[in-house]
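K.L.:
The file below is upload01.txt, compact mmCIF, C-alpha atoms (C1' of nucleotides):
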```txt
# COMPACT_ATOMS: atom_id res chain seq x y z
CA MET A 7 -1.71 53.47 -4.91
CA ARG A 8 -0.08 51.86 -7.85
CA VAL A 9 0.97 48.85 -5.84
CA ILE A 10 -2.50 48.24 -4.46
CA ALA A 11 -4.12 48.61 -7.85
CA ARG A 12 -1.69 46.17 -9.34
CA ALA A 13 -2.17 43.68 -6.53
CA ALA A 14 -5.95 43.94 -6.79
CA THR A 15 -6.07 43.08 -10.45
CA SER A 16 -3.21 40.65 -10.58
CA SER A 17 -5.04 37.77 -8.94
CA LEU A 18 -7.92 37.76 -11.39
CA GLU A 19 -5.61 38.52 -14.24
CA ARG A 20 -3.27 35.75 -13.33
CA ALA A 21 -6.18 33.31 -13.21
CA ASP A 22 -7.30 34.41 -16.66
CA VAL A 23 -3.82 34.15 -18.07
CA MET A 24 -3.45 30.70 -16.56
CA LEU A 25 -6.78 29.56 -17.96
CA ARG A 26 -5.88 30.86 -21.38
CA ASP A 27 -2.57 29.07 -21.21
CA LEU A 28 -4.28 25.89 -20.08
CA LYS A 29 -6.51 26.02 -23.10
CA ARG A 30 -3.61 26.84 -25.35
CA ALA A 31 -1.89 23.74 -24.01
CA GLY A 32 -4.77 21.68 -25.35
CA LEU A 33 -6.46 21.14 -22.02
CA LYS A 34 -10.18 21.46 -21.49
CA LEU A 35 -11.65 24.15 -19.30
CA THR A 36 -14.01 22.32 -17.01
CA PRO A 37 -15.79 24.04 -14.13
CA GLN A 38 -13.61 22.17 -11.67
CA ARG A 39 -10.42 23.30 -13.36
CA ILE A 40 -11.59 26.87 -13.57
CA ALA A 41 -12.33 26.87 -9.85
CA ILE A 42 -9.01 25.27 -8.99
CA VAL A 43 -7.07 27.70 -11.16
CA ARG A 44 -8.90 30.72 -9.78
CA LEU A 45 -8.21 29.65 -6.23
CA PHE A 46 -4.67 28.51 -6.84
CA SER A 47 -3.39 31.32 -9.05
CA GLY A 48 -3.90 33.91 -6.35
CA ASP A 49 -2.53 31.87 -3.50
CA ALA A 50 1.05 32.61 -2.47
CA SER A 51 0.91 30.32 0.56
CA HIS A 52 2.08 27.23 -1.36
CA PRO A 53 -1.02 25.17 -0.64
CA THR A 54 -1.12 21.40 -0.55
CA ALA A 55 -3.60 19.41 -2.62
CA GLN A 56 -5.49 18.85 0.62
CA ASP A 57 -5.69 22.61 1.29
CA LEU A 58 -7.17 23.32 -2.10
CA PHE A 59 -9.51 20.36 -1.92
CA GLU A 60 -10.93 21.53 1.37
CA ARG A 61 -11.41 25.08 0.23
CA LEU A 62 -13.14 23.91 -2.93
CA ARG A 63 -15.43 21.43 -1.26
CA PRO A 64 -18.11 23.98 -0.25
CA SER A 65 -18.61 24.99 -3.89
CA PHE A 66 -18.00 21.54 -5.37
CA PRO A 67 -19.20 18.98 -2.84
CA SER A 68 -18.83 16.19 -5.36
CA MET A 69 -15.29 17.02 -6.41
CA SER A 70 -12.85 14.16 -6.30
CA PHE A 71 -9.46 14.41 -4.74
CA ALA A 72 -8.01 12.93 -7.89
CA THR A 73 -9.28 15.93 -9.85
CA VAL A 74 -7.25 18.29 -7.69
CA TYR A 75 -4.14 16.21 -8.22
CA ASN A 76 -4.84 15.80 -11.92
CA THR A 77 -5.28 19.52 -12.41
CA LEU A 78 -2.21 20.47 -10.42
CA ASP A 79 -0.29 17.86 -12.33
CA ALA A 80 -1.54 19.27 -15.63
CA LEU A 81 -0.57 22.78 -14.53
CA ALA A 82 2.87 21.58 -13.52
CA ASN A 83 3.38 19.72 -16.79
CA ALA A 84 2.36 22.81 -18.71
CA GLY A 85 4.96 24.77 -16.76
CA MET A 86 2.30 26.80 -14.98
CA ALA A 87 2.94 25.55 -11.47
CA GLY A 88 5.87 24.42 -9.44
CA LEU A 89 6.24 21.69 -6.88
CA VAL A 90 7.94 22.35 -3.56
CA ARG A 91 8.96 19.69 -1.12
CA LEU A 92 10.50 20.54 2.19
CA PRO A 93 11.57 18.26 5.01
CA GLY A 94 9.07 18.65 7.80
CA LYS A 95 8.07 16.91 10.94
CA ARG A 96 5.48 14.44 9.79
CA GLY A 97 3.10 13.71 6.98
CA ASP A 98 4.52 16.48 4.90
CA ALA A 99 2.65 16.71 1.64
CA ALA A 100 3.75 18.26 -1.62
CA ARG A 101 3.14 21.98 -1.89
CA PHE A 102 2.23 23.69 -5.12
CA ASP A 103 3.43 27.08 -6.24
CA PRO A 104 1.73 29.26 -8.85
CA ASN A 105 4.64 31.70 -9.00
CA ARG A 106 6.59 31.08 -12.18
CA GLN A 107 8.97 33.99 -11.84
CA PRO A 108 12.45 32.89 -10.79
CA HIS A 109 12.47 32.82 -7.01
CA HIS A 110 13.79 31.08 -3.93
CA HIS A 111 11.95 30.02 -0.78
CA ALA A 112 12.20 31.05 2.83
CA VAL A 113 10.87 28.39 5.18
CA CYS A 114 9.92 28.96 8.79
CA ASP A 115 11.33 26.25 11.05
CA GLU A 116 8.56 26.76 13.54
CA CYS A 117 5.28 27.08 11.66
CA GLY A 118 6.35 25.72 8.28
CA ALA A 119 5.27 28.81 6.34
CA VAL A 120 6.87 29.16 2.93
CA ILE A 121 7.59 32.63 1.54
CA ASP A 122 8.72 33.43 -1.99
CA ILE A 123 11.94 35.38 -2.37
CA ALA A 124 12.26 36.96 -5.80
CA ALA A 125 15.46 36.25 -7.69
CA GLY A 126 16.68 37.77 -10.89
CA SER A 127 17.51 34.36 -12.26
CA LEU A 128 18.14 30.83 -11.10
CA ALA A 129 21.00 30.41 -13.53
CA PRO A 130 24.23 29.40 -11.80
CA SER A 131 26.81 32.10 -11.25
CA PRO A 132 30.29 31.58 -12.73
CA GLY A 133 31.54 31.07 -9.18
CA ALA A 134 29.01 28.35 -8.45
CA THR A 135 29.78 26.60 -11.72
CA LYS A 136 33.45 26.62 -10.93
CA LYS A 137 32.94 25.27 -7.43
CA LEU A 138 30.77 22.48 -8.76
CA ARG A 139 33.33 21.58 -11.36
CA ARG A 140 35.66 20.71 -8.52
CA ALA A 141 33.14 19.09 -6.19
CA ALA A 142 31.18 17.14 -8.79
CA PRO A 143 33.20 16.84 -11.98
CA GLY A 144 31.07 16.44 -15.06
CA PHE A 145 27.88 17.72 -13.40
CA SER A 146 26.29 20.36 -15.57
CA VAL A 147 24.19 22.85 -13.64
CA ARG A 148 20.96 24.21 -15.00
CA ALA A 149 19.60 26.09 -12.01
CA VAL A 150 20.39 26.85 -8.40
CA GLU A 151 17.54 26.86 -5.90
CA ARG A 152 17.96 28.26 -2.43
CA ILE A 153 16.09 27.52 0.74
CA TYR A 154 16.44 30.10 3.46
CA ARG A 155 15.73 28.48 6.79
CA GLY A 156 14.88 30.43 9.88
CA SER A 157 11.91 31.98 11.59
CA CYS A 158 9.19 34.04 9.98
CA ALA A 159 8.27 37.44 11.34
CA ARG A 160 5.33 36.17 13.33
CA CYS A 161 7.21 33.27 14.94
CA SER A 162 10.27 35.40 15.69
CA ARG A 163 8.05 37.87 17.45
CA ARG A 164 6.23 35.21 19.42
CA SER A 165 9.34 33.38 20.59
CA SER A 166 11.10 36.57 21.66
CA GLN A 167 8.26 37.46 24.00
CA MET B 22 47.62 6.66 -2.67
CA ARG B 23 46.80 9.02 0.10
CA VAL B 24 43.30 9.54 -1.11
CA ILE B 25 42.55 5.84 -1.34
CA ALA B 26 44.01 5.15 2.11
CA ARG B 27 41.97 7.96 3.59
CA ALA B 28 38.82 6.76 1.89
CA ALA B 29 39.40 3.21 3.05
CA THR B 30 39.72 4.12 6.71
CA SER B 31 37.21 6.92 6.82
CA SER B 32 34.20 4.71 6.33
CA LEU B 33 35.04 2.39 9.22
CA GLU B 34 36.19 5.31 11.29
CA ARG B 35 33.05 7.25 10.66
CA ALA B 36 30.95 4.24 11.67
CA ASP B 37 32.91 3.94 14.91
CA VAL B 38 32.58 7.61 15.67
CA MET B 39 28.88 7.45 14.97
CA LEU B 40 28.44 4.41 17.19
CA ARG B 41 30.36 6.09 19.98
CA ASP B 42 28.20 9.17 19.63
CA LEU B 43 25.07 7.06 19.63
CA LYS B 44 26.12 5.49 22.89
CA ARG B 45 27.06 8.86 24.30
CA ALA B 46 23.58 10.05 23.43
CA GLY B 47 22.23 7.35 25.76
CA LEU B 48 21.14 5.00 23.01
CA LYS B 49 21.77 1.27 23.13
CA LEU B 50 24.05 -0.40 20.66
CA THR B 51 22.04 -3.28 19.36
CA PRO B 52 23.24 -5.52 16.51
CA GLN B 53 20.63 -4.00 14.24
CA ARG B 54 21.75 -0.47 14.99
CA ILE B 55 25.37 -1.36 14.54
CA ALA B 56 24.63 -2.84 11.15
CA ILE B 57 22.52 0.12 10.10
CA VAL B 58 25.16 2.62 11.22
CA ARG B 59 27.97 0.71 9.53
CA LEU B 60 26.08 0.60 6.28
CA PHE B 61 24.75 4.12 6.48
CA SER B 62 27.81 5.97 7.68
CA GLY B 63 29.79 5.03 4.59
CA ASP B 64 27.06 5.69 2.08
CA ALA B 65 27.21 9.00 0.29
CA SER B 66 24.35 8.10 -2.05
CA HIS B 67 21.66 9.47 0.27
CA PRO B 68 19.80 6.19 0.66
CA THR B 69 16.14 5.86 1.46
CA ALA B 70 14.92 3.76 4.38
CA GLN B 71 13.86 1.21 1.78
CA ASP B 72 17.38 1.08 0.29
CA LEU B 73 18.95 0.39 3.64
CA PHE B 74 16.28 -2.12 4.62
CA GLU B 75 16.84 -4.13 1.46
CA ARG B 76 20.59 -4.15 1.82
CA LEU B 77 20.29 -5.26 5.43
CA ARG B 78 17.77 -7.98 4.81
CA PRO B 79 20.30 -10.65 3.77
CA SER B 80 22.12 -10.33 7.10
CA PHE B 81 19.02 -9.63 9.20
CA PRO B 82 16.12 -11.45 7.60
CA SER B 83 13.94 -10.73 10.60
CA MET B 84 14.62 -7.01 10.76
CA SER B 85 11.57 -4.80 10.87
CA PHE B 86 11.12 -1.79 8.68
CA ALA B 87 10.24 0.19 11.76
CA THR B 88 13.71 -0.49 13.16
CA VAL B 89 15.30 1.19 10.18
CA TYR B 90 13.08 4.22 10.57
CA ASN B 91 13.57 4.28 14.33
CA THR B 92 17.33 4.13 14.01
CA LEU B 93 17.51 6.79 11.32
CA ASP B 94 15.19 8.91 13.39
CA ALA B 95 17.41 8.45 16.43
CA LEU B 96 20.47 9.38 14.38
CA ALA B 97 18.72 12.46 13.04
CA ASN B 98 17.59 13.53 16.51
CA ALA B 99 21.11 13.11 17.81
CA GLY B 100 22.31 15.36 15.00
CA MET B 101 24.15 12.53 13.31
CA ALA B 102 22.10 12.33 10.14
CA GLY B 103 20.26 14.72 7.90
CA LEU B 104 17.02 14.41 6.00
CA VAL B 105 16.79 15.37 2.36
CA ARG B 106 13.57 15.71 0.43
CA LEU B 107 13.55 16.51 -3.23
CA PRO B 108 10.66 16.77 -5.65
CA GLY B 109 10.75 13.73 -7.84
CA LYS B 110 8.54 11.94 -10.25
CA ARG B 111 6.56 9.59 -8.04
CA GLY B 112 6.64 7.88 -4.70
CA ASP B 113 9.63 9.90 -3.67
CA ALA B 114 10.75 8.81 -0.26
CA ALA B 115 12.83 10.69 2.27
CA ARG B 116 16.56 10.34 1.78
CA PHE B 117 19.00 10.23 4.66
CA ASP B 118 22.41 11.82 4.71
CA PRO B 119 25.27 10.82 7.01
CA ASN B 120 27.36 13.84 6.04
CA ARG B 121 27.21 16.40 8.86
CA GLN B 122 29.71 18.83 7.40
CA PRO B 123 28.04 21.92 6.00
CA HIS B 124 27.21 21.14 2.40
CA HIS B 125 24.74 21.66 -0.42
CA HIS B 126 23.26 19.14 -2.82
CA ALA B 127 23.48 18.66 -6.54
CA VAL B 128 20.54 16.70 -7.93
CA CYS B 129 20.45 15.02 -11.31
CA ASP B 130 17.20 15.78 -13.13
CA GLU B 131 17.46 12.56 -15.09
CA CYS B 132 18.49 9.79 -12.72
CA GLY B 133 17.74 11.50 -9.41
CA ALA B 134 21.26 11.01 -8.03
CA VAL B 135 22.15 13.33 -5.17
CA ILE B 136 25.73 14.54 -4.76
CA ASP B 137 27.14 16.44 -1.78
CA ILE B 138 28.78 19.77 -2.49
CA ALA B 139 31.01 20.92 0.35
CA ALA B 140 30.35 24.39 1.70
CA GLY B 141 32.36 26.36 4.16
CA SER B 142 29.26 27.27 6.05
CA LEU B 143 25.51 27.46 5.62
CA ALA B 144 25.31 30.75 7.43
CA PRO B 145 23.66 33.48 5.35
CA SER B 146 25.93 36.01 3.72
CA PRO B 147 25.37 39.70 4.54
CA GLY B 148 24.04 40.12 1.00
CA ALA B 149 21.50 37.36 1.42
CA THR B 150 20.36 38.74 4.76
CA LYS B 151 19.88 42.14 3.25
CA LYS B 152 17.93 40.81 0.30
CA LEU B 153 15.69 38.85 2.63
CA ARG B 154 15.07 41.86 4.78
CA ARG B 155 13.45 43.47 1.79
CA ALA B 156 11.64 40.41 0.42
CA ALA B 157 10.43 38.97 3.73
CA PRO B 158 10.59 41.63 6.42
CA GLY B 159 11.03 40.19 9.88
CA PHE B 160 12.23 36.80 8.68
CA SER B 161 15.42 35.85 10.51
CA VAL B 162 17.65 33.53 8.55
CA ARG B 163 19.57 30.74 10.21
CA ALA B 164 20.92 28.85 7.24
CA VAL B 165 20.87 28.85 3.47
CA GLU B 166 20.66 25.54 1.65
CA ARG B 167 21.27 25.26 -2.04
CA ILE B 168 20.09 22.71 -4.53
CA TYR B 169 22.01 22.61 -7.78
CA ARG B 170 19.82 21.11 -10.47
CA GLY B 171 21.20 19.71 -13.66
CA SER B 172 22.64 16.51 -15.07
CA CYS B 173 25.23 14.32 -13.43
CA ALA B 174 28.36 13.29 -15.29
CA ARG B 175 26.97 9.93 -16.33
CA CYS B 176 23.65 11.27 -17.59
CA SER B 177 25.27 14.21 -19.39
CA ARG B 178 27.52 11.77 -21.19
CA ARG B 179 24.70 9.44 -22.10
CA SER B 180 22.38 12.14 -23.42
CA SER B 181 25.09 13.77 -25.52
CA GLN B 182 25.74 10.56 -27.39
C1' DT C 25 -25.51 19.18 -33.37
C1' DT C 26 -22.62 15.50 -32.96
C1' DG C 27 -18.82 12.57 -31.66
C1' DC C 28 -15.14 11.43 -29.11
C1' DA C 29 -11.22 12.23 -26.54
C1' DA C 30 -10.42 14.17 -22.44
C1' DC C 31 -12.38 14.72 -17.98
C1' DT C 32 -14.65 13.55 -13.55
C1' DT C 33 -15.99 10.51 -9.98
C1' DA C 34 -15.83 6.93 -6.30
C1' DG C 35 -13.32 3.92 -4.49
C1' DA C 36 -9.61 0.68 -4.54
C1' DA C 37 -4.62 0.29 -4.75
C1' DT C 38 -0.04 1.69 -3.79
C1' DT C 39 3.59 3.74 -1.34
C1' DA C 40 5.71 5.97 2.60
C1' DT C 41 5.73 6.33 7.33
C1' DT C 42 4.16 5.86 12.10
C1' DC C 43 1.98 3.51 15.83
C1' DT C 44 0.92 -0.40 18.97
C1' DA C 45 1.47 -4.25 21.93
C1' DG C 46 3.97 -7.71 23.54
C1' DC C 47 8.31 -10.05 23.61
C1' DT C 48 13.58 -9.48 23.90
C1' DA C 49 18.00 -8.25 25.19
C1' DC C 50 21.48 -4.29 26.34
C1' DG C 51 24.16 -2.94 29.72
C1' DC C 52 24.12 -0.93 34.56
C1' DT C 53 24.46 -2.63 39.25
C1' DC C 54 25.76 -5.64 42.60
C1' DG D 27 28.57 -13.51 36.30
C1' DA D 28 23.41 -12.93 37.45
C1' DG D 29 19.46 -10.00 37.91
C1' DC D 30 16.74 -6.31 36.42
C1' DG D 31 14.64 -2.23 34.35
C1' DT D 32 14.02 -0.14 30.26
C1' DA D 33 14.99 0.87 25.62
C1' DG D 34 14.62 -1.57 21.54
C1' DC D 35 12.87 -5.18 18.43
C1' DT D 36 9.22 -7.43 15.73
C1' DA D 37 4.90 -8.11 13.17
C1' DG D 38 1.29 -6.14 11.75
C1' DA D 39 -2.22 -2.65 11.83
C1' DA D 40 -3.06 2.24 11.10
C1' DT D 41 -2.49 6.55 8.83
C1' DA D 42 -1.36 9.68 5.20
C1' DA D 43 -0.22 11.00 0.58
C1' DT D 44 -0.75 9.92 -3.96
C1' DT D 45 -1.98 7.24 -8.03
C1' DC D 46 -4.77 4.07 -10.55
C1' DT D 47 -9.05 2.08 -12.51
C1' DA D 48 -13.36 1.68 -14.61
C1' DA D 49 -17.44 3.68 -15.87
C1' DG D 50 -20.15 7.49 -16.72
C1' DT D 51 -20.03 12.61 -18.39
C1' DT D 52 -18.93 16.74 -20.96
C1' DG D 53 -16.09 20.44 -23.42
C1' DC D 54 -15.39 21.80 -27.73
C1' DA D 55 -13.73 21.17 -32.71
C1' DA D 56 -15.76 20.19 -36.86
```
Take the structure in this file and express it as structure tokens.
P.N.:
Amino acid sequence: MRVIARAATSSLERADVMLRDLKRAGLKLTPQRIAIVRLFSGDASHPTAQDLFERLRPSFPSMSFATVYNTLDALANAGMAGLVRLPGKRGDAARFDPNRQPHHHAVCDECGAVIDIAAGSLAPSPGATKKLRRAAPGFSVRAVERIYRGSCARCSRRSSQ
Amino acid sequence: MRVIARAATSSLERADVMLRDLKRAGLKLTPQRIAIVRLFSGDASHPTAQDLFERLRPSFPSMSFATVYNTLDALANAGMAGLVRLPGKRGDAARFDPNRQPHHHAVCDECGAVIDIAAGSLAPSPGATKKLRRAAPGFSVRAVERIYRGSCARCSRRSSQ
DNA sequence: TTGCAACTTAGAATTATTCTAGCTACGCTC
DNA sequence: GAGCGTAGCTAGAATAATTCTAAGTTGCAA
């Protein structure tokens, strides 16, 4: 039961930590921001600004789209959110990621789902650094991101039927 | 001198190969397409549609933006071009890549330059597959792309001065 | 409690990309 | 070499994502 207990508290906790950090970064805690952070911090689906906007609209019918972007931008600038962009078919919007642990992404070719893949570190391995030294002399690597492309469990299952 | 000679012919050669493949794919060779392919095939800078459009305008003042997109789209559909999307500051457009050998990308955090890094294959290693099996059960990997983030030679030099 | 900088809002502006409709011309066929 | 069908071209409108602007509002430090 340890896993479930941890999962149950982590969403609220993460929201609180994020709000505290927002404040610590000198940003004001407005009702809109609190709602955005609460929704966003527990969402591992890499939502777009549009996604969040639509889910917030019932509670905040007057909320502006710009507020969602502004808040996500503030979170990103404060290092509390990441930005993921993946080539997609059409009209692919930026996706935001509340997970600040080092991780990679697995992307489903069929449905576009994005899944976090934990990584110990994004620091380049000695091997990668060496290879780069040959391929791009003078380039100094800071981090290596990976994108695993393929089919998610659900889509694999469906297409094999 | 071998390198220079090879570089000098490869651009024209690659354009010819690409044009031949375009035709083979049942697509018509119009003057606009020929110009786009010639320009694009020898460009390792991962140009945007805008880049290409502006460089073509002097020779084709009447060319439509849609033609550039259509042609790049046709090339991509025929497997002769790739699409690269990278999170950037603002208004970041899709970048197109004529290199169809398996490769990764190194991206400069400062100037946004994108450099190809040759790879033997993009197929997942057994280690990666195993790790994924734990992190995302049921996900079947087809390819692993890497993005090396850091500073290009020019920017590293400039910022260390 | 007050003051003001930071925030929110609506809506316009900008940027990237796709769509549409009508004209044009590539390239197969004879 | 001419005719023809269709894919392609063009201008411009439409759509989508994101940012900007100006004016009113509010969190929160003092």
K.L.:
Using all atoms listed in the file, which chain D residues lie at most 8 Å away from chain B, written as a list in words?
P.N.:
DA33, DG34, DC35, DT36, DA37 and DT44 of chain D
K.L.:
To one decimal place, how far is CA of Ile42 in chain A from CA of Asp27 in chain A in Å?
P.N.:
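That distance, rounded to one decimal, is 14.3 Å.
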K.L.:
For the atom pair C1' of DT39 in chain C and CA of Phe59 in chain A, what is the interatomic distance in Å to one decimal place?
P.N.:
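Atom-to-atom, C1' of DT39 in chain C and CA of Phe59 in chain A are spaced 21.2 Å apart.
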K.L.:
Find the residue from A:Gly85, A:Ala99, A:Arg160, A:Val23 that sits nearest to chain C; use only C-alpha atoms (C1' of nucleotides) when measuring.
P.N.:
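Smallest separation from chain C among the options: A:Ala99.
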K.L.:
Hey, could you lay chain B over chain A with a least-squares C-alpha fit (all atoms, paired in order) and save it as a tab-separated table (two decimals) with C-alpha atoms, keeping the file's coordinate frame?
P.N.:
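Once written, superposed.tsv looks like this:
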```
chain	number	residue	atom	x	y	z
B	22	MET	CA	-2.61	53.00	-3.71
B	23	ARG	CA	-0.76	51.67	-6.67
B	24	VAL	CA	0.33	48.59	-4.87
B	25	ILE	CA	-3.17	47.72	-3.70
B	26	ALA	CA	-4.66	48.30	-7.15
B	27	ARG	CA	-2.00	46.11	-8.72
B	28	ALA	CA	-2.53	43.39	-6.15
B	29	ALA	CA	-6.28	43.50	-6.63
B	30	THR	CA	-6.13	43.00	-10.38
B	31	SER	CA	-3.18	40.68	-10.53
B	32	SER	CA	-4.94	37.76	-8.94
B	33	LEU	CA	-7.85	37.78	-11.38
B	34	GLU	CA	-5.52	38.56	-14.22
B	35	ARG	CA	-3.19	35.76	-13.35
B	36	ALA	CA	-6.12	33.33	-13.21
B	37	ASP	CA	-7.24	34.46	-16.66
B	38	VAL	CA	-3.77	34.15	-18.10
B	39	MET	CA	-3.43	30.71	-16.59
B	40	LEU	CA	-6.78	29.61	-17.96
B	41	ARG	CA	-5.88	30.91	-21.39
B	42	ASP	CA	-2.59	29.05	-21.24
B	43	LEU	CA	-4.34	25.90	-20.11
B	44	LYS	CA	-6.61	26.08	-23.11
B	45	ARG	CA	-3.69	26.84	-25.38
B	46	ALA	CA	-2.02	23.72	-24.04
B	47	GLY	CA	-4.97	21.73	-25.39
B	48	LEU	CA	-6.62	21.19	-22.03
B	49	LYS	CA	-10.35	21.58	-21.49
B	50	LEU	CA	-11.72	24.29	-19.28
B	51	THR	CA	-14.08	22.49	-16.99
B	52	PRO	CA	-15.82	24.21	-14.06
B	53	GLN	CA	-13.64	22.29	-11.66
B	54	ARG	CA	-10.45	23.38	-13.37
B	55	ILE	CA	-11.59	26.95	-13.54
B	56	ALA	CA	-12.30	26.95	-9.83
B	57	ILE	CA	-9.00	25.30	-9.00
B	58	VAL	CA	-7.04	27.73	-11.18
B	59	ARG	CA	-8.85	30.76	-9.77
B	60	LEU	CA	-8.14	29.68	-6.24
B	61	PHE	CA	-4.61	28.52	-6.89
B	62	SER	CA	-3.34	31.31	-9.10
B	63	GLY	CA	-3.85	33.90	-6.39
B	64	ASP	CA	-2.45	31.87	-3.54
B	65	ALA	CA	1.12	32.61	-2.57
B	66	SER	CA	0.98	30.33	0.47
B	67	HIS	CA	2.13	27.25	-1.44
B	68	PRO	CA	-0.96	25.18	-0.71
B	69	THR	CA	-1.08	21.43	-0.60
B	70	ALA	CA	-3.58	19.45	-2.67
B	71	GLN	CA	-5.46	18.90	0.58
B	72	ASP	CA	-5.64	22.66	1.26
B	73	LEU	CA	-7.12	23.36	-2.13
B	74	PHE	CA	-9.50	20.41	-1.94
B	75	GLU	CA	-10.90	21.59	1.37
B	76	ARG	CA	-11.36	25.15	0.21
B	77	LEU	CA	-13.12	23.95	-2.92
B	78	ARG	CA	-15.40	21.51	-1.20
B	79	PRO	CA	-18.05	24.07	-0.20
B	80	SER	CA	-18.57	25.08	-3.83
B	81	PHE	CA	-17.99	21.61	-5.31
B	82	PRO	CA	-19.17	19.08	-2.76
B	83	SER	CA	-18.84	16.30	-5.30
B	84	MET	CA	-15.30	17.11	-6.39
B	85	SER	CA	-12.87	14.24	-6.30
B	86	PHE	CA	-9.46	14.47	-4.75
B	87	ALA	CA	-8.04	12.99	-7.92
B	88	THR	CA	-9.32	16.00	-9.86
B	89	VAL	CA	-7.26	18.33	-7.73
B	90	TYR	CA	-4.16	16.24	-8.26
B	91	ASN	CA	-4.88	15.84	-11.96
B	92	THR	CA	-5.34	19.55	-12.44
B	93	LEU	CA	-2.23	20.50	-10.49
B	94	ASP	CA	-0.34	17.87	-12.40
B	95	ALA	CA	-1.60	19.29	-15.69
B	96	LEU	CA	-0.60	22.79	-14.60
B	97	ALA	CA	2.84	21.56	-13.60
B	98	ASN	CA	3.32	19.71	-16.88
B	99	ALA	CA	2.31	22.80	-18.80
B	100	GLY	CA	4.94	24.74	-16.86
B	101	MET	CA	2.32	26.77	-15.05
B	102	ALA	CA	2.95	25.51	-11.54
B	103	GLY	CA	5.90	24.38	-9.52
B	104	LEU	CA	6.29	21.66	-6.93
B	105	VAL	CA	7.96	22.34	-3.62
B	106	ARG	CA	8.99	19.68	-1.15
B	107	LEU	CA	10.48	20.56	2.17
B	108	PRO	CA	11.49	18.33	5.05
B	109	GLY	CA	8.95	18.78	7.76
B	110	LYS	CA	7.89	17.10	10.92
B	111	ARG	CA	5.36	14.54	9.75
B	112	GLY	CA	3.03	13.75	6.91
B	113	ASP	CA	4.51	16.52	4.85
B	114	ALA	CA	2.67	16.75	1.59
B	115	ALA	CA	3.80	18.27	-1.68
B	116	ARG	CA	3.19	21.99	-1.95
B	117	PHE	CA	2.28	23.68	-5.20
B	118	ASP	CA	3.48	27.06	-6.33
B	119	PRO	CA	1.77	29.25	-8.93
B	120	ASN	CA	4.70	31.66	-9.11
B	121	ARG	CA	6.66	30.98	-12.31
B	122	GLN	CA	9.07	33.88	-11.98
B	123	PRO	CA	12.53	32.74	-10.94
B	124	HIS	CA	12.55	32.74	-7.16
B	125	HIS	CA	13.85	31.03	-4.05
B	126	HIS	CA	12.01	30.03	-0.90
B	127	ALA	CA	12.24	31.09	2.70
B	128	VAL	CA	10.89	28.46	5.08
B	129	CYS	CA	9.92	29.07	8.67
B	130	ASP	CA	11.34	26.38	10.96
B	131	GLU	CA	8.56	26.93	13.45
B	132	CYS	CA	5.29	27.23	11.56
B	133	GLY	CA	6.39	25.82	8.20
B	134	ALA	CA	5.29	28.88	6.23
B	135	VAL	CA	6.91	29.20	2.81
B	136	ILE	CA	7.65	32.64	1.38
B	137	ASP	CA	8.79	33.41	-2.17
B	138	ILE	CA	12.01	35.34	-2.56
B	139	ALA	CA	12.36	36.90	-5.99
B	140	ALA	CA	15.55	36.12	-7.87
B	141	GLY	CA	16.79	37.60	-11.07
B	142	SER	CA	17.62	34.19	-12.39
B	143	LEU	CA	18.26	30.66	-11.20
B	144	ALA	CA	21.13	30.21	-13.58
B	145	PRO	CA	24.37	29.24	-11.82
B	146	SER	CA	26.93	31.96	-11.30
B	147	PRO	CA	30.43	31.41	-12.74
B	148	GLY	CA	31.66	30.97	-9.17
B	149	ALA	CA	29.13	28.26	-8.43
B	150	THR	CA	29.94	26.45	-11.65
B	151	LYS	CA	33.60	26.51	-10.83
B	152	LYS	CA	33.07	25.24	-7.32
B	153	LEU	CA	30.93	22.42	-8.63
B	154	ARG	CA	33.50	21.47	-11.18
B	155	ARG	CA	35.82	20.68	-8.32
B	156	ALA	CA	33.28	19.08	-5.97
B	157	ALA	CA	31.35	17.06	-8.55
B	158	PRO	CA	33.40	16.72	-11.72
B	159	GLY	CA	31.28	16.26	-14.80
B	160	PHE	CA	28.09	17.53	-13.20
B	161	SER	CA	26.49	20.15	-15.44
B	162	VAL	CA	24.39	22.66	-13.56
B	163	ARG	CA	21.15	23.99	-14.97
B	164	ALA	CA	19.75	25.90	-12.04
B	165	VAL	CA	20.49	26.73	-8.43
B	166	GLU	CA	17.64	26.78	-5.95
B	167	ARG	CA	18.02	28.23	-2.51
B	168	ILE	CA	16.14	27.53	0.66
B	169	TYR	CA	16.49	30.15	3.36
B	170	ARG	CA	15.76	28.58	6.72
B	171	GLY	CA	14.88	30.59	9.75
B	172	SER	CA	11.89	32.16	11.46
B	173	CYS	CA	9.18	34.17	9.80
B	174	ALA	CA	8.23	37.59	11.11
B	175	ARG	CA	5.29	36.32	13.11
B	176	CYS	CA	7.17	33.46	14.75
B	177	SER	CA	10.23	35.60	15.49
B	178	ARG	CA	7.98	38.08	17.23
B	179	ARG	CA	6.16	35.44	19.21
B	180	SER	CA	9.29	33.63	20.40
B	181	SER	CA	11.02	36.84	21.46
B	182	GLN	CA	8.19	37.74	23.78
```
K.L.:
Show me which bits of chain C are within 12 Å of chain A, counting only C-alpha atoms (C1' of nucleotides), as an NGL selection string.
P.N.:
:C and (29-35 or 40-42)
K.L.:
Using all atoms listed in the file, which protein or nucleic acid residues come within 8 Å of Arg20 in chain A? Drop anything in the same chain fewer than 3 positions from it, and give the result as a VMD selection string.
P.N.:
chain A and resid 16 to 17 23 to 24 47 to 48
K.L.:
I want to know what sits within 6 Å of range 142-156 of chain A, based on only C-alpha atoms (C1' of nucleotides), with residues of the same chain fewer than 2 positions away left out; could you give that as a VMD selection string?
P.N.:
(chain A and resid 110 to 115 128 to 130 138 to 140) or (chain B and resid 161 to 174)
